[in-house]
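Below is one structure; the comments refer to it alone.
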Number of protein chains: 2
Amino acid sequence: MNRRIFLKSTLASAALLSVQGCNSLASQPAKQEYWMPTGDLGIVIERADGKVALVNTSSREKLAEIEGLGDLSHASAVFSRNERFAYVFGRDGGLTKVDLITRSIDRRVVQSGNSIGGAISQDGKLVAVSNYTPGGVQVFDSETLAPVLDLPAVGKDGQASKTVGLVDAPGQRFVFSLFDSGEIWLVDFSAAEPKVTRYQDIGKQPYDALITPDGRYYIAGLFGEDGLALLDLWHPEKGVRRILPGYGRGQQRLPVYKMPHLEGWAIAGNKAFIPAVGRHEVLVVDTNTWTEIDRIKVHSQPVFVMSSPDGRQIWVNFAFPENKHLQVIDSDNHRHIQHLEPGEGVLHMEFTPRGEAVWVSVRNNNEVQVFDTQDFSKLATLSIDSPSGIFFTARAHRIGL
Amino acid sequence: MNRRIFLKSTLASAALLSVQGCNSLASQPAKQEYWMPTGDLGIVIERADGKVALVNTSSREKLAEIEGLGDLSHASAVFSRNERFAYVFGRDGGLTKVDLITRSIDRRVVQSGNSIGGAISQDGKLVAVSNYTPGGVQVFDSETLAPVLDLPAVGKDGQASKTVGLVDAPGQRFVFSLFDSGEIWLVDFSAAEPKVTRYQDIGKQPYDALITPDGRYYIAGLFGEDGLALLDLWHPEKGVRRILPGYGRGQQRLPVYKMPHLEGWAIAGNKAFIPAVGRHEVLVVDTNTWTEIDRIKVHSQPVFVMSSPDGRQIWVNFAFPENKHLQVIDSDNHRHIQHLEPGEGVLHMEFTPRGEAVWVSVRNNNEVQVFDTQDFSKLATLSIDSPSGIFFTARAHRIGL
């Protein structure tokens, strides 16, 4: 429906002129601008080549590729509140601000030796990045990428810690975990001076975390022991408590091909659907009590367990060597609805904002496949190199994404 | 943060030229275009003058006014999935497609004598309008506003009925209620031929309805008797059941200054916060059981009871003559947090997508006031004539809005 308003690339150099006046054509090295509404755009990480693909979810097409983003293995992204810019967090410590209008890199900083993800503040003015090397969290101005705060994460043990599981929370806050010292830190940027609250002894080696879609519960997974650490941000004074004591690799130390992503948890109504570690199961947890209420057998070891926007469908992908499969579960009765085999290397999924379709990265096919969530028909196949993470601009409007 | 990318209006006629080539300047009556990202825009209904104000929620300013929308008393709006267009439903039966880029009316149809609201389908391709006169629902192509379906709502009584409470639901469905014949209709557009499911005898005179944010529960309020009619869209085969039998004007027929809007219900976690009818109370209902668990005393008769995006704060405004007040309640402990008096005629509120601020229409002041949701300070005051409904483009990405 919005195709008619695209500026064709042959006219795009003239588009820039509109800002400068027509007479300056000869003297300006034209930076192309492709003005369009930004509500139905997204990016796909092309992990092998340091590129992202710009996509449109209405026309279901790839609009452009943007190069030069560095090492994008395990890259993730957040969006500016106007949905014009994507901030891409690369594994090499690079923070790249991608302009979806000019289809180019607006700015880029290499802010550490090795980073693991980031977040954007509630008001959209701050971008924070968590780091493995040298550890800590760096906070930048979202407009200029100028440094705002360098926060070394020196834990109870006196050592600089790797930081993981960085998310934004309501009240202009960021939350993250210290892998080495086993802590959760809550940083409040709502006043002039940022205020840090530290929760110690939360468990051994938090390796990842999530925040519930309402921004209330922050939950860290533990690599060094079983169980999960939960902080209720509505009651931070109550401290961190342990939930699901059996969750983890377990006593028998099953072979684990890949620790599941915690961002992959699906929260649907009063239930959380959680990838079991090392088992062919999805756990169902009551979010009122944070206790397990069911286990659903699935094809193999789950990696991402994602809920459709209406909470009705749970989509599950799997660890290598079973990563050509995709299963869909009914969140209401916990039954299997559908089993798809899009191809080898199903790495990530993203639902359109209102959930009529889901986009799936199929790495080994160099394809992103788009499925109808009602009848599971394939709506489109986009040719995209080594696709991994898919991120739509609607994330700009959501807490914790 | 996005101010630097605005095209100034003096250059805007050149902006259009970029599509057409610079040489066509003299021959074209220039329609100005103001290209900008659309993620942080919104409109405010200026009810007295048939206008809408275009606003930006990052810079907190009014960008433009767009005229010629007809009778906008009780007007509401939905957005195209690319966040470029607003569809404004006027009381006079007018459906106006407003282009936020050209800041002008793209198209307008007067589709009935008297309309009451509308919705946009999950895939963004259909816009539906519910009508008082001559009743029924009209469905339009969202691109062209060409008619797609004229659905007279002839109820069990054989008469054409007024329709109310029209919402979109997942699965490319619309749901609405028949005031005169007491029915709920579910229209499924997912197949080539639309399929209508009719629920009869749901209660006397449904006058308004809401759908929960996950799109699961459709709830209609009854003018002709107490109680509410609930349809679980996950289990439409179970039919409509009655909940909250005491909800309504009650046995004593209290004087009711204004029937509260049901769209004004706040759903936060497992609780719904509901304006009592004719009483100075907000009811708290457990959404697992749909039974009342508390009543919160408030200043006067509530009209809108709205939840912040994180579900933590419940903002309440009031019926005339107490409509200069605004109260804020903590959804966790049901205590009052704040009491504001923005001015006479507090008609509507809209939270920014991630909830750092709330915009409030203060009609008699000809102002929209913007409040910080953390410290309740006033962040901005915008001069806007007779403001009523406020609608931000982020609604494009949400179910039932």
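Labeling convention for the structure tokens: chains A, B, ... as they appear, residues from 1 per chain, ligands from 1 in order of appearance.
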At a cut-off of 6 Å, which residues of chain A touch chain B? Count only C-alpha atoms and give the answer as a list in words. Ala14, Ala15, Ser18, Pro37, Thr38, Gly39, Asp40, Asn82, Glu83, Arg84, Asp214, Asp310, Pro353, Arg354, His397, Arg398 and Ile399 of chain A
Convert the current residue selection to file output with N, CA and C atoms, as a CSV table (one decimal), in the first residue's frame.
chain,number,residue,atom,x,y,z
A,14,ALA,N,18.0,13.9,-6.5
A,14,ALA,CA,17.2,15.1,-6.5
A,14,ALA,C,16.4,15.3,-5.2
A,15,ALA,N,16.2,14.2,-4.6
A,15,ALA,CA,15.5,14.2,-3.3
A,15,ALA,C,16.3,15.0,-2.3
A,18,SER,N,16.2,18.8,-2.4
A,18,SER,CA,15.0,19.5,-1.9
A,18,SER,C,15.4,20.2,-0.6
A,37,PRO,N,7.5,6.5,4.8
A,37,PRO,CA,7.1,6.4,6.2
A,37,PRO,C,8.0,5.2,6.8
A,38,THR,N,8.2,5.3,8.1
A,38,THR,CA,9.1,4.3,8.7
A,38,THR,C,8.4,3.3,9.6
A,39,GLY,N,7.1,3.3,9.6
A,39,GLY,CA,6.4,2.4,10.5
A,39,GLY,C,6.4,0.9,10.1
A,40,ASP,N,6.7,0.6,8.8
A,40,ASP,CA,6.7,-0.8,8.4
A,40,ASP,C,8.0,-1.2,7.8
A,82,ASN,N,11.7,7.8,16.8
A,82,ASN,CA,11.0,8.2,15.6
A,82,ASN,C,11.0,7.1,14.5
A,83,GLU,N,11.7,6.0,14.8
A,83,GLU,CA,11.8,4.9,13.9
A,83,GLU,C,12.6,5.2,12.6
A,84,ARG,N,13.5,6.2,12.7
A,84,ARG,CA,14.3,6.5,11.6
A,84,ARG,C,15.7,5.7,11.7
A,214,ASP,N,5.9,-6.0,30.0
A,214,ASP,CA,5.5,-4.8,30.8
A,214,ASP,C,6.6,-4.1,31.5
A,310,ASP,N,-0.4,-11.5,19.9
A,310,ASP,CA,-1.7,-11.8,20.6
A,310,ASP,C,-1.5,-12.8,21.7
A,353,PRO,N,4.1,-6.4,13.6
A,353,PRO,CA,3.6,-5.8,14.8
A,353,PRO,C,2.3,-6.3,15.3
A,354,ARG,N,1.3,-6.5,14.4
A,354,ARG,CA,0.0,-7.0,14.8
A,354,ARG,C,-0.1,-8.5,14.6
A,397,HIS,N,8.7,1.3,19.9
A,397,HIS,CA,7.5,1.7,20.8
A,397,HIS,C,7.3,0.7,22.0
A,398,ARG,N,8.2,-0.3,22.1
A,398,ARG,CA,8.0,-1.3,23.1
A,398,ARG,C,9.1,-1.2,24.2
A,399,ILE,N,8.7,-1.6,25.4
A,399,ILE,CA,9.6,-1.6,26.6
A,399,ILE,C,10.5,-2.9,26.5
Pick the closest to Leu63 of chain A from A:Ile211, A:Ile43, A:Ala48, A:Val305: which is it, counting only C-alpha atoms?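 Nearest candidate to Leu63 of chain A out of A:Ile211, A:Ile43, A:Ala48, A:Val305: A:Ile43.
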Leaving out Ile105 of chain A and any residue of its chain fewer than 6 positions from it, which residues lie within 8 Å of it when counting only C-alpha atoms, given as an NGL selection string? :A and (66 or 68 or 96-99)
So that I have them on file, write out the residues from the current selection with N, CA, C and O atoms, as a PDB file, in the first residue's frame.
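Written output follows (part.pdb):
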ATOM      1  N   ILE A  66      23.033  -2.353   3.622  1.00  0.00           N
ATOM      2  CA  ILE A  66      23.924  -1.336   4.180  1.00  0.00           C
ATOM      3  C   ILE A  66      25.144  -2.063   4.728  1.00  0.00           C
ATOM      4  O   ILE A  66      25.006  -2.985   5.541  1.00  0.00           O
ATOM      5  N   GLY A  68      29.407  -2.411   6.105  1.00  0.00           N
ATOM      6  CA  GLY A  68      30.449  -1.780   6.922  1.00  0.00           C
ATOM      7  C   GLY A  68      30.155  -1.758   8.402  1.00  0.00           C
ATOM      8  O   GLY A  68      30.633  -0.891   9.126  1.00  0.00           O
ATOM      9  N   THR A  96      26.788   0.813  15.772  1.00  0.00           N
ATOM     10  CA  THR A  96      26.576   1.479  14.492  1.00  0.00           C
ATOM     11  C   THR A  96      25.167   2.040  14.440  1.00  0.00           C
ATOM     12  O   THR A  96      24.199   1.327  14.690  1.00  0.00           O
ATOM     13  N   LYS A  97      25.079   3.344  14.135  1.00  0.00           N
ATOM     14  CA  LYS A  97      23.780   4.001  13.974  1.00  0.00           C
ATOM     15  C   LYS A  97      23.458   4.033  12.487  1.00  0.00           C
ATOM     16  O   LYS A  97      24.123   4.717  11.702  1.00  0.00           O
ATOM     17  N   VAL A  98      22.462   3.255  12.102  1.00  0.00           N
ATOM     18  CA  VAL A  98      22.111   3.103  10.693  1.00  0.00           C
ATOM     19  C   VAL A  98      20.901   3.986  10.397  1.00  0.00           C
ATOM     20  O   VAL A  98      19.898   3.942  11.109  1.00  0.00           O
ATOM     21  N   ASP A  99      21.008   4.777   9.349  1.00  0.00           N
ATOM     22  CA  ASP A  99      19.924   5.669   8.934  1.00  0.00           C
ATOM     23  C   ASP A  99      19.081   4.953   7.881  1.00  0.00           C
ATOM     24  O   ASP A  99      19.545   4.678   6.776  1.00  0.00           O
TER      25      ASP A  99
END
As a list of chain:residue names, please: the residues near Asp157 of chain B (cut-off 10 Å, only C-alpha atoms, same-chain neighbours under 5 positions excluded). B:Asp180, B:Ser181, B:Gly182
Nearest to Val137 of chain B by atom-to-atom distance, counting only C-alpha atoms, from B:Val187, B:Ala77, B:Leu222, B:Val109: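 Once distances to Val137 of chain B are computed over only C-alpha atoms, the minimum belongs to B:Val187.
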When you count only C-alpha atoms, which of these residues is closest to Ala153 of chain B: B:Glu183, B:Asp188, B:Glu322, B:Glu61?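 The shortest atom-to-atom distance to Ala153 of chain B comes from B:Glu183.
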Could you go through segment 5-245 of chain B and tell me which residues DSSP, when run on the backbone, assigns to alpha helix (DSSP H), listing them as a ChimeraX atom specification? /B:9-20
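Within segment 132-172 of chain B, residues classed as strand (DSSP E) by DSSP on backbone coordinates are Tyr132, Thr133, Val137, Gln138, Val139, Phe140, Asp141, Pro147, Val148, Leu149, Asp150, Leu151, Thr163, Val164, Gly165, Leu166, Val167, Asp168 and Ala169 of chain B.
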So that I can see what lies close to Gly343 of chain A, please list as a ChimeraX atom specification the residues with an atom at most 12 Å from it, counting only C-alpha atoms and leaving out residues fewer than 5 positions away in the same chain. /A:317,321-326,360-369
Can you tell me which residues surround segment 300-302 of chain B at a distance of at most 7 Å, considering only C-alpha atoms, apart from same-chain residues fewer than 5 positions away, and format the answer as a CSV table (one decimal) with N, CA and C atoms, in the first residue's frame?
chain,number,residue,atom,x,y,z
B,260,PRO,N,-19.7,6.0,30.9
B,260,PRO,CA,-18.3,6.0,30.6
B,260,PRO,C,-17.9,5.2,29.4
B,275,PRO,N,-14.3,2.1,34.9
B,275,PRO,CA,-15.1,3.2,35.5
B,275,PRO,C,-16.5,2.7,35.9
B,276,ALA,N,-16.8,2.9,37.2
B,276,ALA,CA,-18.2,2.6,37.6
B,276,ALA,C,-19.1,3.5,36.9
B,278,GLY,N,-22.0,6.0,37.2
B,278,GLY,CA,-22.8,6.8,38.1
B,278,GLY,C,-22.2,6.9,39.5
B,279,ARG,N,-21.2,6.2,39.8
B,279,ARG,CA,-20.6,6.2,41.1
B,279,ARG,C,-19.2,6.8,41.1
B,280,HIS,N,-18.7,7.3,42.2
B,280,HIS,CA,-17.4,7.9,42.3
B,280,HIS,C,-16.4,6.7,42.6
B,281,GLU,N,-16.3,5.8,41.7
B,281,GLU,CA,-15.5,4.6,42.0
B,281,GLU,C,-14.9,4.1,40.7
B,316,VAL,N,-7.2,8.6,35.6
B,316,VAL,CA,-8.6,8.7,35.6
B,316,VAL,C,-9.1,10.2,35.4
B,317,ASN,N,-9.9,10.4,34.4
B,317,ASN,CA,-10.6,11.7,34.3
B,317,ASN,C,-12.1,11.6,34.6
B,318,PHE,N,-12.8,12.7,34.6
B,318,PHE,CA,-14.1,12.7,35.2
B,318,PHE,C,-15.1,13.4,34.4
B,319,ALA,N,-16.4,13.1,34.6
B,319,ALA,CA,-17.5,13.7,33.9
B,319,ALA,C,-17.7,15.2,34.4
B,322,GLU,N,-17.0,18.0,37.0
B,322,GLU,CA,-15.8,17.8,37.7
B,322,GLU,C,-14.6,17.4,36.8
If we count only C-alpha atoms, what is near Pro206 of chain A at a cut-off of 12 Å, once residues fewer than 5 positions away on the same chain are taken out, given as a ChimeraX atom specification? /A:161-166,176-185,200-201,219-230,248,259,262
